[in-house]
>>> print(open('input_34.txt').read())   # compact mmCIF, C-alpha atoms and all ligand atoms
# COMPACT_ATOMS: atom_id res chain seq x y z
CA VAL A 1 -62.81 -118.47 -67.34
CA GLN A 2 -59.43 -118.93 -68.93
CA THR A 3 -56.28 -118.27 -66.94
CA LEU A 4 -53.40 -116.39 -68.59
CA ARG A 5 -50.12 -116.92 -66.76
CA ILE A 6 -48.09 -113.72 -66.77
CA ALA A 7 -44.49 -112.80 -65.94
CA LEU A 8 -43.62 -109.12 -65.53
CA VAL A 9 -40.13 -107.79 -65.99
CA GLY A 10 -39.81 -104.13 -65.02
CA PHE A 11 -41.98 -102.78 -62.21
CA GLY A 12 -41.82 -99.01 -62.54
CA VAL A 13 -44.69 -96.61 -63.27
CA VAL A 14 -46.15 -98.78 -66.07
CA GLY A 15 -45.66 -102.17 -64.36
CA GLN A 16 -47.23 -100.97 -61.13
CA SER A 17 -50.14 -99.36 -63.00
CA LEU A 18 -50.74 -102.70 -64.71
CA ALA A 19 -50.80 -104.53 -61.35
CA LYS A 20 -53.31 -101.96 -60.05
CA LEU A 21 -55.53 -102.45 -63.12
CA PHE A 22 -55.43 -106.23 -62.63
CA LEU A 23 -56.70 -105.73 -59.08
CA LEU A 24 -59.32 -103.13 -60.05
CA LYS A 25 -60.68 -105.02 -63.03
CA GLU A 26 -60.52 -108.61 -61.81
CA GLN A 27 -64.29 -109.11 -61.90
CA GLU A 28 -64.70 -107.32 -65.23
CA PHE A 29 -61.99 -109.44 -66.86
CA ALA A 30 -63.77 -112.60 -65.76
CA ASN A 31 -67.29 -111.43 -66.67
CA VAL A 32 -66.66 -109.57 -69.91
CA TYR A 33 -63.63 -111.32 -71.36
CA GLY A 34 -63.64 -114.70 -69.64
CA MET A 35 -60.03 -114.13 -68.66
CA LYS A 36 -58.16 -114.38 -65.39
CA PRO A 37 -54.70 -112.82 -65.52
CA ASN A 38 -52.51 -114.69 -63.06
CA VAL A 39 -49.17 -113.00 -62.36
CA ILE A 40 -46.68 -115.70 -61.37
CA CYS A 41 -43.42 -113.77 -61.53
CA ILE A 42 -42.29 -110.14 -61.16
CA ILE A 43 -38.70 -109.08 -61.68
CA ASP A 44 -37.56 -105.53 -60.94
CA ARG A 45 -34.12 -103.91 -60.85
CA ASN A 46 -33.25 -105.28 -57.41
CA GLY A 47 -35.45 -108.22 -56.68
CA LEU A 48 -37.72 -111.06 -57.62
CA ALA A 49 -41.14 -112.32 -56.54
CA MET A 50 -42.30 -115.70 -57.77
CA ASP A 51 -45.22 -117.97 -56.97
CA ASP A 52 -46.40 -120.59 -59.37
CA LYS A 53 -49.92 -120.41 -57.98
CA GLY A 54 -50.14 -116.64 -58.44
CA LEU A 55 -48.70 -113.67 -56.57
CA ASN A 56 -50.57 -111.49 -54.12
CA LEU A 57 -50.40 -108.22 -56.09
CA ARG A 58 -51.76 -106.06 -53.29
CA GLY A 59 -48.99 -107.25 -50.97
CA ILE A 60 -46.33 -106.79 -53.64
CA LEU A 61 -47.41 -103.23 -54.50
CA GLU A 62 -47.24 -102.41 -50.80
CA LYS A 63 -43.80 -104.01 -50.47
CA LYS A 64 -42.53 -102.10 -53.52
CA ARG A 65 -43.80 -98.87 -52.00
CA ARG A 66 -42.15 -99.57 -48.66
CA THR A 67 -38.83 -101.10 -49.72
CA GLY A 68 -38.36 -100.07 -53.37
CA THR A 69 -38.34 -103.66 -54.61
CA VAL A 70 -40.79 -106.52 -55.10
CA GLY A 71 -39.17 -109.27 -53.08
CA ARG A 72 -36.09 -111.26 -52.35
CA SER A 73 -32.75 -110.75 -54.04
CA LYS A 74 -32.22 -112.28 -57.48
CA GLY A 75 -28.75 -113.47 -56.54
CA GLU A 76 -26.43 -113.98 -59.48
CA LYS A 77 -29.13 -115.24 -61.85
CA PRO A 78 -29.56 -113.14 -65.01
CA ASN A 79 -33.14 -112.05 -65.75
CA ALA A 80 -33.14 -114.12 -68.96
CA VAL A 81 -32.52 -117.31 -66.96
CA ILE A 82 -35.30 -116.45 -64.50
CA ILE A 83 -37.71 -115.67 -67.37
CA LYS A 84 -37.00 -119.02 -69.01
CA SER A 85 -37.56 -120.83 -65.71
CA THR A 86 -41.14 -119.53 -65.38
CA ASP A 87 -44.07 -121.31 -66.91
CA ALA A 88 -45.75 -118.11 -68.15
CA ASP A 89 -47.88 -117.79 -71.30
CA VAL A 90 -46.99 -114.11 -71.71
CA LEU A 91 -44.04 -111.96 -70.70
CA VAL A 92 -44.84 -108.28 -70.13
CA GLU A 93 -41.66 -106.24 -70.68
CA THR A 94 -41.59 -102.69 -69.27
CA THR A 95 -37.96 -102.07 -68.31
CA PRO A 96 -36.57 -98.57 -69.09
CA THR A 97 -35.98 -97.77 -72.74
CA ASN A 98 -32.41 -97.93 -74.01
CA PHE A 99 -32.36 -96.65 -77.58
CA LYS A 100 -28.74 -97.60 -78.26
CA SER A 101 -28.52 -101.29 -77.41
CA GLY A 102 -32.18 -102.10 -76.68
CA GLU A 103 -30.96 -103.79 -73.50
CA PRO A 104 -31.95 -105.23 -71.14
CA GLY A 105 -35.33 -105.46 -72.88
CA LEU A 106 -33.95 -107.14 -75.98
CA SER A 107 -32.46 -110.08 -74.02
CA HIS A 108 -35.67 -110.44 -72.01
CA ILE A 109 -37.80 -110.67 -75.14
CA LYS A 110 -35.45 -113.16 -76.83
CA ALA A 111 -35.40 -115.34 -73.68
CA ALA A 112 -39.20 -115.39 -73.63
CA PHE A 113 -39.38 -116.39 -77.32
CA GLN A 114 -36.87 -119.18 -76.75
CA ALA A 115 -39.09 -120.45 -73.91
CA LYS A 116 -42.11 -120.25 -76.29
CA MET A 117 -43.73 -117.34 -74.48
CA SER A 118 -45.54 -114.54 -76.25
CA VAL A 119 -44.48 -111.00 -75.35
CA VAL A 120 -46.26 -107.70 -74.76
CA THR A 121 -43.91 -104.76 -74.46
CA ALA A 122 -44.20 -101.01 -74.04
CA ASN A 123 -40.42 -100.72 -74.30
CA LYS A 124 -39.34 -98.83 -77.43
CA GLY A 125 -35.65 -99.77 -77.15
CA PRO A 126 -35.76 -103.35 -78.47
CA LEU A 127 -38.13 -102.27 -81.26
CA ALA A 128 -35.85 -99.38 -82.20
CA VAL A 129 -32.80 -101.57 -82.66
CA ALA A 130 -34.21 -104.89 -83.89
CA PHE A 131 -37.77 -104.49 -85.12
CA GLN A 132 -37.86 -106.91 -88.06
CA ALA A 133 -35.50 -109.41 -86.35
CA LEU A 134 -37.86 -109.63 -83.37
CA MET A 135 -40.93 -110.04 -85.59
CA GLU A 136 -39.14 -112.84 -87.39
CA LEU A 137 -37.99 -114.49 -84.18
CA ALA A 138 -41.55 -114.48 -82.83
CA ARG A 139 -42.80 -116.11 -86.05
CA HIS A 140 -39.98 -118.64 -85.95
CA ASN A 141 -40.89 -119.66 -82.38
CA ASN A 142 -44.58 -119.67 -83.18
CA VAL A 143 -45.42 -117.04 -80.54
CA PHE A 144 -46.79 -113.46 -80.66
CA LEU A 145 -45.22 -110.04 -80.10
CA ARG A 146 -47.45 -107.02 -79.44
CA PHE A 147 -46.36 -103.46 -78.59
CA SER A 148 -49.22 -101.01 -78.96
CA GLY A 149 -48.13 -99.18 -75.75
CA ALA A 150 -44.74 -98.37 -77.30
CA VAL A 151 -46.34 -95.70 -79.51
CA GLY A 152 -48.98 -93.29 -78.19
CA GLY A 153 -49.32 -94.55 -74.60
CA GLY A 154 -52.97 -95.61 -74.38
CA THR A 155 -53.91 -94.29 -77.84
CA PRO A 156 -54.01 -97.14 -80.38
CA ILE A 157 -52.00 -95.37 -83.10
CA LEU A 158 -50.51 -98.54 -84.59
CA ASP A 159 -53.88 -100.33 -84.81
CA PHE A 160 -55.48 -97.23 -86.31
CA GLY A 161 -52.73 -96.91 -88.92
CA LYS A 162 -53.12 -100.57 -89.82
CA SER A 163 -56.88 -100.23 -90.22
CA CYS A 164 -56.52 -97.07 -92.31
CA SER A 165 -54.09 -98.64 -94.74
CA ARG A 166 -55.66 -102.07 -95.13
CA GLY A 167 -56.63 -102.49 -98.77
CA ASP A 168 -55.40 -98.97 -99.56
CA THR A 169 -51.93 -97.51 -100.18
CA LEU A 170 -50.27 -95.58 -97.38
CA ILE A 171 -48.51 -92.59 -98.91
CA GLY A 172 -47.45 -90.58 -95.87
CA ILE A 173 -47.54 -90.15 -92.11
CA GLU A 174 -47.29 -86.94 -90.11
CA GLY A 175 -47.73 -86.40 -86.41
CA ILE A 176 -46.88 -85.42 -82.89
CA LEU A 177 -45.42 -88.49 -81.23
CA ASN A 178 -43.91 -87.14 -78.03
CA SER A 179 -45.99 -85.96 -75.09
CA THR A 180 -43.19 -84.35 -73.10
CA THR A 181 -42.20 -81.88 -75.83
CA ASN A 182 -45.83 -81.11 -76.67
CA PHE A 183 -46.48 -80.39 -73.00
CA ILE A 184 -43.42 -78.10 -72.86
CA LEU A 185 -44.31 -76.21 -76.08
CA THR A 186 -47.90 -75.73 -74.91
CA ASN A 187 -46.73 -74.36 -71.60
CA MET A 188 -44.32 -71.99 -73.32
CA GLU A 189 -47.23 -70.77 -75.45
CA ARG A 190 -49.45 -70.09 -72.48
CA GLN A 191 -46.56 -68.53 -70.60
CA ASN A 192 -47.51 -70.54 -67.55
CA LEU A 193 -44.17 -72.18 -66.96
CA SER A 194 -40.59 -71.85 -68.09
CA PHE A 195 -38.99 -74.62 -70.17
CA GLU A 196 -37.38 -76.11 -67.04
CA GLU A 197 -40.54 -75.94 -64.95
CA ALA A 198 -42.61 -77.52 -67.73
CA LEU A 199 -40.04 -80.31 -68.08
CA LYS A 200 -40.09 -80.93 -64.33
CA SER A 201 -43.86 -81.15 -64.42
CA ALA A 202 -43.73 -83.63 -67.36
CA GLN A 203 -41.28 -85.72 -65.34
CA LYS A 204 -43.52 -85.62 -62.27
CA HIS A 205 -46.46 -86.87 -64.35
CA GLY A 206 -44.33 -89.79 -65.59
CA TYR A 207 -44.36 -88.59 -69.25
CA ALA A 208 -40.63 -87.97 -69.75
CA GLU A 209 -37.97 -90.56 -70.47
CA ALA A 210 -35.50 -91.38 -67.67
CA ASP A 211 -33.07 -89.26 -69.70
CA PRO A 212 -35.33 -86.38 -70.85
CA SER A 213 -32.89 -85.21 -73.53
CA LEU A 214 -34.23 -88.16 -75.54
CA ASP A 215 -37.59 -86.36 -75.60
CA ILE A 216 -36.28 -82.81 -76.06
CA ASP A 217 -33.80 -83.62 -78.84
CA GLY A 218 -36.41 -85.49 -80.89
CA PHE A 219 -34.98 -88.97 -80.53
CA ASP A 220 -38.09 -90.48 -78.90
CA SER A 221 -40.29 -89.14 -81.72
CA ALA A 222 -37.87 -90.56 -84.31
CA VAL A 223 -37.95 -94.01 -82.73
CA LYS A 224 -41.74 -94.03 -82.69
CA LEU A 225 -41.86 -92.91 -86.32
CA VAL A 226 -39.54 -95.79 -87.25
CA ILE A 227 -41.70 -98.27 -85.31
CA ILE A 228 -44.87 -97.06 -87.09
CA VAL A 229 -43.30 -97.15 -90.56
CA ASN A 230 -41.66 -100.55 -90.05
CA TYR A 231 -44.87 -102.01 -88.64
CA LEU A 232 -47.10 -100.70 -91.42
CA THR A 233 -44.80 -101.12 -94.40
CA LYS A 234 -42.61 -104.09 -93.34
CA ARG A 235 -39.49 -101.99 -93.93
CA ALA A 236 -36.38 -102.09 -91.73
CA PHE A 237 -35.58 -98.43 -91.03
CA THR A 238 -33.60 -97.39 -87.97
CA VAL A 239 -33.29 -93.98 -86.28
CA ARG A 240 -30.17 -93.36 -88.35
CA ASP A 241 -32.50 -92.96 -91.34
CA VAL A 242 -34.34 -90.05 -89.65
CA LYS A 243 -33.20 -86.43 -89.92
CA ILE A 244 -33.77 -85.16 -86.38
CA THR A 245 -34.05 -81.64 -84.95
CA GLY A 246 -35.41 -81.25 -81.41
CA ILE A 247 -36.98 -78.28 -79.61
CA ARG A 248 -33.88 -76.96 -77.80
CA GLU A 249 -33.53 -73.99 -80.15
CA VAL A 250 -37.20 -73.00 -79.95
CA SER A 251 -37.49 -69.85 -77.84
CA ILE A 252 -40.46 -68.41 -75.95
CA ALA A 253 -40.37 -65.50 -78.44
CA ASP A 254 -40.70 -67.95 -81.41
CA VAL A 255 -43.63 -69.70 -79.77
CA GLN A 256 -45.42 -66.48 -78.93
CA ARG A 257 -44.84 -64.97 -82.37
CA ALA A 258 -46.46 -68.07 -83.85
CA ARG A 259 -49.38 -67.79 -81.46
CA ASP A 260 -49.94 -64.13 -82.36
CA LYS A 261 -50.20 -65.16 -86.04
CA GLY A 262 -52.84 -67.78 -85.20
CA LYS A 263 -50.32 -70.59 -85.58
CA ALA A 264 -48.41 -72.94 -83.31
CA ILE A 265 -44.99 -74.58 -83.18
CA ARG A 266 -45.15 -78.34 -82.76
CA LEU A 267 -42.52 -81.09 -82.98
CA ILE A 268 -43.65 -82.97 -86.10
CA ALA A 269 -42.47 -86.41 -87.16
CA SER A 270 -43.10 -87.19 -90.79
CA ALA A 271 -42.57 -89.99 -93.29
CA ASN A 272 -43.01 -89.46 -97.02
CA GLU A 273 -40.03 -89.60 -99.38
CA ARG A 274 -37.83 -89.18 -96.32
CA LEU A 275 -38.14 -89.55 -92.56
CA SER A 276 -37.78 -86.46 -90.36
CA VAL A 277 -38.50 -84.95 -86.96
CA GLU A 278 -38.45 -81.17 -86.63
CA PRO A 279 -40.28 -78.24 -85.04
CA ARG A 280 -42.77 -76.83 -87.57
CA LEU A 281 -45.21 -73.98 -87.75
CA ILE A 282 -48.74 -75.37 -88.14
CA ASP A 283 -52.19 -73.81 -88.30
CA ARG A 284 -54.17 -73.65 -85.08
CA ASP A 285 -57.14 -75.27 -86.80
CA ASP A 286 -55.05 -78.17 -88.12
CA PRO A 287 -56.51 -81.29 -86.42
CA MET A 288 -52.93 -82.20 -85.57
CA CYS A 289 -52.57 -79.07 -83.42
CA VAL A 290 -53.14 -80.67 -80.01
CA SER A 291 -52.07 -79.18 -76.68
CA GLY A 292 -50.65 -80.70 -73.50
CA PRO A 293 -49.43 -84.32 -73.23
CA TYR A 294 -51.30 -85.36 -76.37
CA ASN A 295 -50.26 -87.11 -79.56
CA ALA A 296 -51.92 -86.67 -82.96
CA VAL A 297 -51.11 -88.63 -86.09
CA LYS A 298 -52.33 -88.24 -89.68
CA PHE A 299 -52.25 -91.16 -92.05
CA PHE A 300 -52.45 -90.21 -95.73
CA CYS A 301 -53.86 -92.96 -97.93
CA LYS A 302 -54.12 -92.99 -101.71
CA ASN A 303 -57.85 -93.67 -102.03
CA SER A 304 -59.42 -92.99 -98.66
CA GLY A 305 -57.52 -89.75 -98.00
CA GLU A 306 -56.37 -88.30 -94.72
CA LYS A 307 -57.30 -89.69 -91.29
CA VAL A 308 -56.30 -88.41 -87.85
CA ILE A 309 -56.07 -90.05 -84.45
CA VAL A 310 -55.69 -87.96 -81.29
CA GLY A 311 -55.16 -89.06 -77.69
CA LYS A 312 -52.99 -88.85 -74.62
CA GLY A 313 -49.56 -90.14 -75.59
CA ALA A 314 -47.97 -91.11 -72.28
CA GLY A 315 -48.71 -91.99 -68.66
CA GLY A 316 -48.67 -95.10 -66.48
CA MET A 317 -52.36 -96.06 -66.50
CA GLU A 318 -52.71 -95.19 -70.19
CA THR A 319 -49.76 -97.36 -71.22
CA ALA A 320 -50.90 -100.17 -68.90
CA SER A 321 -54.29 -100.08 -70.70
CA SER A 322 -52.49 -100.69 -73.99
CA ILE A 323 -50.76 -103.68 -72.44
CA ILE A 324 -54.11 -105.11 -71.42
CA ARG A 325 -55.44 -104.57 -74.95
CA ASP A 326 -52.46 -106.48 -76.34
CA MET A 327 -52.85 -109.24 -73.76
CA LEU A 328 -56.48 -109.78 -74.68
CA GLU A 329 -55.49 -110.05 -78.34
CA ILE A 330 -52.78 -112.58 -77.55
CA ARG A 331 -55.22 -114.57 -75.40
CA ASP A 332 -57.58 -114.76 -78.39
CA LEU A 333 -54.77 -115.74 -80.74
CA LEU A 334 -53.55 -118.47 -78.38
CA ALA A 335 -57.11 -119.71 -77.87
CA GLY A 336 -57.67 -119.77 -81.65
CA ARG A 337 -54.58 -121.87 -81.98
CA GLY A 338 -55.85 -124.25 -79.32
CA LEU A 339 -52.78 -123.91 -77.12
CA THR A 340 -54.43 -122.74 -73.92
N1 LIG A 401 -41.35 -89.91 -73.12
C1 LIG A 401 -42.44 -90.34 -73.91
C2 LIG A 401 -43.28 -89.13 -74.30
C3 LIG A 401 -43.23 -91.37 -73.17
O1 LIG A 401 -43.13 -88.08 -73.66
O2 LIG A 401 -44.07 -89.22 -75.23
C4 LIG A 401 -44.23 -92.15 -74.00
O3 LIG A 401 -43.61 -92.95 -74.97
>>> encode(input="input_34.txt", output="structure tokens")
Amino acid sequence: VQTLRIALVGFGVVGQSLAKLFLLKEQEFANVYGMKPNVICIIDRNGLAMDDKGLNLRGILEKKRRTGTVGRSKGEKPNAVIIKSTDADVLVETTPTNFKSGEPGLSHIKAAFQAKMSVVTANKGPLAVAFQALMELARHNNVFLRFSGAVGGGTPILDFGKSCSRGDTLIGIEGILNSTTNFILTNMERQNLSFEEALKSAQKHGYAEADPSLDIDGFDSAVKLVIIVNYLTKRAFTVRDVKITGIREVSIADVQRARDKGKAIRLIASANERLSVEPRLIDRDDPMCVSGPYNAVKFFCKNSGEKVIVGKGAGGMETASSIIRDMLEIRDLLAGRGLT
């Protein structure tokens, strides 16, 4: 069994779900994958827990629950300095998304690369502001960067898109990329909850961004669209290239009129000649017409045609599962390279 030394920065819903999965699946990791994840460092907003031999995750989860932090105070040390001082193979970055500067995630990822650590992140911020620069920096430092949890929660949208377009020509992408707004629109349709109540419920489930206007105004969908396009086509778009309209102007009357005509209003992100995010009227029997906190993405390819992936697009356990998927891939890549 091969040990993978892991540092976690960010210990919110996703980070804690990951720690729980490590505990739950310890035996399975060893038996099925021959891997033992060993968490040697956890940094959260207020504190730090470090043990070179491996942290007691059960104790740390309990401490976080009781005190709101994972351990002792970090003092004056910036997170980047702490990250560089660990001897981890992989940094898992799950601090809150900041779409403007990408920070603090961006500095964390760069620090890890400088210390020759690979990175798994579910944080969209650094990818939104510096996608191609980070890919290049990883290559330059001979390490790996994986981010499947940044788009689609636990649903492997990026991998699927890559598979679909390999050996073919990708000509367009269309999809629902934000769970919070899909959850709100669905609830407006069913008349179960008001906009505000539906938003509150999405927040309670851990779907919404810390600042939910990023979901409602279409920004989160735009960032994910940019990540997908840049990843699959090696372009360097930013959100400024996306024409964005959110769901604020969509009324209950609009939604119900659509429903009565056998249609539905969904917030659709699309990339063809141009990049856009806007509420659109779609057919109920369109495979993209999913309800609740789901995402659905269509990839249009020149020869193989249209393919659709559907799955839950947000949530702690779901996103933590994507992180594990990425970690296993990195473990294989490192093993193939003979470094572990
Ligand atoms: N706020 C995001 C959403 C979380 O609702 O889809 C997952 O990226």
>>> residues_near_ligand(input="input_34.txt", ligand="ligand LIG 401 (chain A)", cutoff="7 Å", atoms="all atoms listed in the file", output="NGL selection string")
:A and (150-153 or 177-181 or 207-209 or 215 or 220 or 313-315)
>>> write_last_selection(input="input_34.txt", atoms="C-alpha atoms", output="PDB file, in the coordinates of the input")
ATOM      1  CA  ALA A 150     -44.740 -98.370 -77.300  1.00  0.00           C
ATOM      2  CA  VAL A 151     -46.340 -95.700 -79.510  1.00  0.00           C
ATOM      3  CA  GLY A 152     -48.980 -93.290 -78.190  1.00  0.00           C
ATOM      4  CA  GLY A 153     -49.320 -94.550 -74.600  1.00  0.00           C
ATOM      5  CA  LEU A 177     -45.420 -88.490 -81.230  1.00  0.00           C
ATOM      6  CA  ASN A 178     -43.910 -87.140 -78.030  1.00  0.00           C
ATOM      7  CA  SER A 179     -45.990 -85.960 -75.090  1.00  0.00           C
ATOM      8  CA  THR A 180     -43.190 -84.350 -73.100  1.00  0.00           C
ATOM      9  CA  THR A 181     -42.200 -81.880 -75.830  1.00  0.00           C
ATOM     10  CA  TYR A 207     -44.360 -88.590 -69.250  1.00  0.00           C
ATOM     11  CA  ALA A 208     -40.630 -87.970 -69.750  1.00  0.00           C
ATOM     12  CA  GLU A 209     -37.970 -90.560 -70.470  1.00  0.00           C
ATOM     13  CA  ASP A 215     -37.590 -86.360 -75.600  1.00  0.00           C
ATOM     14  CA  ASP A 220     -38.090 -90.480 -78.900  1.00  0.00           C
ATOM     15  CA  GLY A 313     -49.560 -90.140 -75.590  1.00  0.00           C
ATOM     16  CA  ALA A 314     -47.970 -91.110 -72.280  1.00  0.00           C
ATOM     17  CA  GLY A 315     -48.710 -91.990 -68.660  1.00  0.00           C
TER      18      GLY A 315
END
>>> residues_around(input="input_34.txt", residues="region 264-270 of chain A", least_positions_apart="5", cutoff="10 Å", atoms="all atoms listed in the file", output="PDB file with C-alpha atoms, in the frame of the given file")
ATOM      1  CA  GLY A 172     -47.450 -90.580 -95.870  1.00  0.00           C
ATOM      2  CA  ILE A 173     -47.540 -90.150 -92.110  1.00  0.00           C
ATOM      3  CA  GLU A 174     -47.290 -86.940 -90.110  1.00  0.00           C
ATOM      4  CA  GLY A 175     -47.730 -86.400 -86.410  1.00  0.00           C
ATOM      5  CA  ILE A 176     -46.880 -85.420 -82.890  1.00  0.00           C
ATOM      6  CA  LEU A 177     -45.420 -88.490 -81.230  1.00  0.00           C
ATOM      7  CA  ASN A 178     -43.910 -87.140 -78.030  1.00  0.00           C
ATOM      8  CA  SER A 179     -45.990 -85.960 -75.090  1.00  0.00           C
ATOM      9  CA  THR A 181     -42.200 -81.880 -75.830  1.00  0.00           C
ATOM     10  CA  ASN A 182     -45.830 -81.110 -76.670  1.00  0.00           C
ATOM     11  CA  LEU A 185     -44.310 -76.210 -76.080  1.00  0.00           C
ATOM     12  CA  THR A 186     -47.900 -75.730 -74.910  1.00  0.00           C
ATOM     13  CA  GLU A 189     -47.230 -70.770 -75.450  1.00  0.00           C
ATOM     14  CA  ILE A 216     -36.280 -82.810 -76.060  1.00  0.00           C
ATOM     15  CA  ASP A 217     -33.800 -83.620 -78.840  1.00  0.00           C
ATOM     16  CA  GLY A 218     -36.410 -85.490 -80.890  1.00  0.00           C
ATOM     17  CA  SER A 221     -40.290 -89.140 -81.720  1.00  0.00           C
ATOM     18  CA  ALA A 222     -37.870 -90.560 -84.310  1.00  0.00           C
ATOM     19  CA  VAL A 223     -37.950 -94.010 -82.730  1.00  0.00           C
ATOM     20  CA  LYS A 224     -41.740 -94.030 -82.690  1.00  0.00           C
ATOM     21  CA  LEU A 225     -41.860 -92.910 -86.320  1.00  0.00           C
ATOM     22  CA  VAL A 226     -39.540 -95.790 -87.250  1.00  0.00           C
ATOM     23  CA  VAL A 229     -43.300 -97.150 -90.560  1.00  0.00           C
ATOM     24  CA  VAL A 242     -34.340 -90.050 -89.650  1.00  0.00           C
ATOM     25  CA  LYS A 243     -33.200 -86.430 -89.920  1.00  0.00           C
ATOM     26  CA  ILE A 244     -33.770 -85.160 -86.380  1.00  0.00           C
ATOM     27  CA  THR A 245     -34.050 -81.640 -84.950  1.00  0.00           C
ATOM     28  CA  GLY A 246     -35.410 -81.250 -81.410  1.00  0.00           C
ATOM     29  CA  ILE A 247     -36.980 -78.280 -79.610  1.00  0.00           C
ATOM     30  CA  VAL A 250     -37.200 -73.000 -79.950  1.00  0.00           C
ATOM     31  CA  ASP A 254     -40.700 -67.950 -81.410  1.00  0.00           C
ATOM     32  CA  VAL A 255     -43.630 -69.700 -79.770  1.00  0.00           C
ATOM     33  CA  GLN A 256     -45.420 -66.480 -78.930  1.00  0.00           C
ATOM     34  CA  ARG A 257     -44.840 -64.970 -82.370  1.00  0.00           C
ATOM     35  CA  ALA A 258     -46.460 -68.070 -83.850  1.00  0.00           C
ATOM     36  CA  ARG A 259     -49.380 -67.790 -81.460  1.00  0.00           C
ATOM     37  CA  LEU A 275     -38.140 -89.550 -92.560  1.00  0.00           C
ATOM     38  CA  SER A 276     -37.780 -86.460 -90.360  1.00  0.00           C
ATOM     39  CA  VAL A 277     -38.500 -84.950 -86.960  1.00  0.00           C
ATOM     40  CA  GLU A 278     -38.450 -81.170 -86.630  1.00  0.00           C
ATOM     41  CA  PRO A 279     -40.280 -78.240 -85.040  1.00  0.00           C
ATOM     42  CA  ARG A 280     -42.770 -76.830 -87.570  1.00  0.00           C
ATOM     43  CA  LEU A 281     -45.210 -73.980 -87.750  1.00  0.00           C
ATOM     44  CA  ILE A 282     -48.740 -75.370 -88.140  1.00  0.00           C
ATOM     45  CA  ASP A 283     -52.190 -73.810 -88.300  1.00  0.00           C
ATOM     46  CA  ARG A 284     -54.170 -73.650 -85.080  1.00  0.00           C
ATOM     47  CA  ASP A 285     -57.140 -75.270 -86.800  1.00  0.00           C
ATOM     48  CA  ASP A 286     -55.050 -78.170 -88.120  1.00  0.00           C
ATOM     49  CA  MET A 288     -52.930 -82.200 -85.570  1.00  0.00           C
ATOM     50  CA  CYS A 289     -52.570 -79.070 -83.420  1.00  0.00           C
ATOM     51  CA  VAL A 290     -53.140 -80.670 -80.010  1.00  0.00           C
ATOM     52  CA  SER A 291     -52.070 -79.180 -76.680  1.00  0.00           C
ATOM     53  CA  ALA A 296     -51.920 -86.670 -82.960  1.00  0.00           C
ATOM     54  CA  VAL A 297     -51.110 -88.630 -86.090  1.00  0.00           C
ATOM     55  CA  LYS A 298     -52.330 -88.240 -89.680  1.00  0.00           C
TER      56      LYS A 298
END
>>> residues_around(input="input_34.txt", residues="Val119 (chain A)", least_positions_apart="6", cutoff="10 Å", atoms="only C-alpha atoms", output="NGL selection string")
:A and (6-7 or 89-93 or 108-110 or 112-113 or 138 or 143-147 or 326-327 or 330)
>>> closest_residue(input="input_34.txt", among="A:Thr238, A:Gly71, A:Met317, A:Val120", to="Glu329 (chain A)", atoms="only C-alpha atoms")
A:Val120
>>> atom_distance(input="input_34.txt", atom1="CA of Arg325 (chain A)", atom2="CA of Ile184 (chain A)")
29.1 Å
>>> axis_aligned_box(input="input_34.txt", around="region 301-313 of chain A", padding_each_side="3 Å", output="lines of an AutoDock Vina configuration file")
center_x = -54.5
center_y = -90.8
center_z = -88.3
size_x = 15.9
size_y = 11.7
size_z = 33.4
>>> closest_residue(input="input_34.txt", among="A:Asn141, A:Ser322, A:Asn31, A:Ser17", to="Val1 (chain A)", atoms="only C-alpha atoms")
A:Asn31
>>> closest_residue(input="input_34.txt", among="A:Val13, A:Met35, A:Leu4, A:Leu333", to="Ala122 (chain A)", atoms="all atoms listed in the file")
A:Val13
>>> build_atoms(input="input_34.txt", residues="region 91-97 of chain A", atoms="N, CA, C and O atoms", output="compact mmCIF listing (two decimals), in the frame of the given file")
# COMPACT_ATOMS: atom_id res chain seq x y z
N LEU A 91 -44.96 -112.84 -71.43
CA LEU A 91 -44.04 -111.96 -70.70
C LEU A 91 -44.44 -110.51 -71.00
O LEU A 91 -44.61 -110.15 -72.17
N VAL A 92 -44.58 -109.71 -69.94
CA VAL A 92 -44.84 -108.28 -70.13
C VAL A 92 -43.54 -107.54 -69.81
O VAL A 92 -43.05 -107.60 -68.68
N GLU A 93 -42.97 -106.87 -70.82
CA GLU A 93 -41.66 -106.24 -70.68
C GLU A 93 -41.82 -104.73 -70.59
O GLU A 93 -42.24 -104.08 -71.55
N THR A 94 -41.47 -104.16 -69.42
CA THR A 94 -41.59 -102.69 -69.27
C THR A 94 -40.35 -102.10 -68.59
O THR A 94 -40.46 -101.16 -67.80
N THR A 95 -39.18 -102.66 -68.89
CA THR A 95 -37.96 -102.07 -68.31
C THR A 95 -37.67 -100.73 -69.03
O THR A 95 -38.22 -100.48 -70.11
N PRO A 96 -36.82 -99.88 -68.46
CA PRO A 96 -36.57 -98.57 -69.09
C PRO A 96 -36.00 -98.70 -70.50
O PRO A 96 -35.25 -99.63 -70.80
N THR A 97 -36.39 -97.75 -71.34
CA THR A 97 -35.98 -97.77 -72.74
C THR A 97 -34.51 -97.40 -72.89
O THR A 97 -34.05 -96.39 -72.37
